[in-house]
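Trainee: Got protein_32.cif for you, mmCIF, C-alpha atoms:
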```
data_my_file
loop_
_atom_site.label_atom_id
_atom_site.label_comp_id
_atom_site.auth_asym_id
_atom_site.auth_seq_id
_atom_site.Cartn_x
_atom_site.Cartn_y
_atom_site.Cartn_z
CA LEU A 1 117.01 98.08 126.19
CA ARG A 2 119.43 99.24 123.50
CA LEU A 3 118.56 100.89 120.18
CA TYR A 4 121.00 100.73 117.30
CA GLN A 5 120.70 102.89 114.19
CA ASN A 6 122.96 102.32 111.20
CA GLY A 7 125.04 99.89 113.21
CA GLU A 8 125.75 102.33 116.04
CA LEU A 9 124.24 102.49 119.53
CA SER A 10 121.91 105.49 119.61
CA GLY A 11 120.36 105.04 123.04
CA ASP A 12 119.86 102.72 125.97
CA ARG A 13 117.88 102.57 129.17
CA SER A 14 116.92 100.16 131.91
CA VAL A 15 113.48 98.67 131.47
CA ASP A 16 111.54 96.66 134.02
CA VAL A 17 108.20 95.73 132.50
CA ASP A 18 106.18 92.60 132.02
CA LEU A 19 104.89 92.30 128.48
CA PRO A 20 101.19 91.46 128.47
CA GLN A 21 99.86 88.39 126.74
CA HIS A 22 97.35 89.21 124.00
CA SER A 23 96.07 87.92 120.67
CA LEU A 24 97.12 90.92 118.56
CA PRO A 25 99.94 90.41 116.05
CA PHE A 26 103.40 91.76 116.83
CA THR A 27 103.86 95.01 114.92
CA ILE A 28 106.67 97.50 114.42
CA GLY A 29 105.90 100.95 113.10
CA ARG A 30 102.66 101.87 114.80
CA THR A 31 102.01 104.49 117.45
CA ASP A 32 99.18 102.37 118.77
CA VAL A 33 97.05 99.49 117.50
CA TRP A 34 95.28 101.52 114.80
CA VAL A 35 97.49 104.50 113.86
CA ALA A 36 100.33 103.99 111.38
CA PHE A 37 103.80 105.38 112.16
CA GLN A 38 104.56 108.47 110.07
CA GLY A 39 108.18 107.83 109.08
CA ALA A 40 110.43 105.23 107.51
CA MET A 41 112.11 102.09 108.82
CA ASP A 42 114.22 99.55 106.98
CA GLU A 43 115.89 96.29 107.99
CA VAL A 44 114.22 96.01 111.39
CA ALA A 45 115.32 92.88 113.28
CA VAL A 46 114.25 91.30 116.55
CA TYR A 47 116.34 88.56 118.17
CA GLY A 48 115.62 86.22 121.05
CA VAL A 49 119.16 86.70 122.38
CA ASN A 50 121.44 89.65 123.04
CA LEU A 51 123.80 90.42 120.16
CA SER A 52 127.18 92.02 120.73
CA ALA A 53 127.78 95.52 119.37
CA ALA A 54 130.32 94.01 116.93
CA ARG A 55 127.75 91.57 115.55
CA ILE A 56 125.17 94.33 115.14
CA LYS A 57 127.73 96.45 113.29
CA ALA A 58 128.60 93.47 111.07
CA HIS A 59 124.91 92.97 110.20
CA TYR A 60 124.66 96.63 109.25
CA ASP A 61 127.87 96.59 107.21
CA ILE A 62 126.66 93.56 105.23
CA GLY A 63 123.31 95.21 104.60
CA VAL A 64 124.88 98.34 103.11
CA GLY A 65 127.47 96.41 101.12
CA LEU A 66 130.55 97.17 103.21
CA ARG A 67 131.39 93.44 103.60
#
```
What does the file become when written as structure tokens?
Mentor:
Amino acid sequence: LRLYQNGELSGDRSVDVDLPQHSLPFTIGRTDVWVAFQGAMDEVAVYGVNLSAARIKAHYDIGVGLR
């Protein structure tokens, strides 16, 4: 698992978990099913494939008008 913030890698770790099947919608920005995250997020993206660090940086640069 790798987390990028502002186009830069901010953390990574090995993860070995099976995601459970359930009927709840996929959400980002909640601490659990009912409690809203107290903070701010913008331009969150989830991909079904691994992106290279260069492609992630390019996405960020486009989003902030650098390209």
Trainee: Find the spatial neighbours of Asp12 in chain A, counting all atoms listed in the file, within a cut-off of 7 Å - ignore same-chain residues fewer than 2 positions away - and output them as a ChimeraX atom specification.
Mentor: /A:1-3
Trainee: Output the selection as a PDB file, in the coordinates of the input - C-alpha atoms for each residue.
Mentor:
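Below you can see part-v2.pdb, which holds the result:
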```pdb
ATOM      1  CA  LEU A   1     117.010  98.080 126.190  1.00  0.00           C
ATOM      2  CA  ARG A   2     119.430  99.240 123.500  1.00  0.00           C
ATOM      3  CA  LEU A   3     118.560 100.890 120.180  1.00  0.00           C
TER       4      LEU A   3
END
```
Trainee: Please identify all polymer residues within 12 Å of range 44-50 of chain A, counting only C-alpha atoms, omitting same-chain residues fewer than 4 positions from it, and present them as a PyMOL selection string.
Mentor: chain A and resi 1-7+26-29+40+54-56+59-60+63
Trainee: One decimal, in Å: what's the spacing between CA of Leu9 in chain A and CA of Ile62 in chain A?
Mentor: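 These two atoms are separated by 17.0 Å.
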Trainee: Distance CA of Ala36 in chain A-CA of His22 in chain A, one decimal place?
Mentor: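 Distance reported for this atom pair: 19.7 Å.
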Trainee: So how many Å separate CA of Lys57 in chain A and CA of Val15 in chain A, to one decimal?
Mentor: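 A separation of 23.2 Å between them.
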Trainee: Need the axis-aligned box for range 36-42 of chain A with 8 Å each side, so what are the centre and edges in Å to one decimal, as AutoDock Vina command-line options?
Mentor:
```
--center_x 107.3 --center_y 104.0 --center_z 109.6 --size_x 29.9 --size_y 24.9 --size_z 21.2
```
Trainee: Could you tell me which of A:Ala53, A:Met41, A:Leu24, A:Val64 comes closest to Glu8 in chain A if we count all atoms listed in the file?
Mentor: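 Nearest to Glu8 in chain A: A:Ala53.
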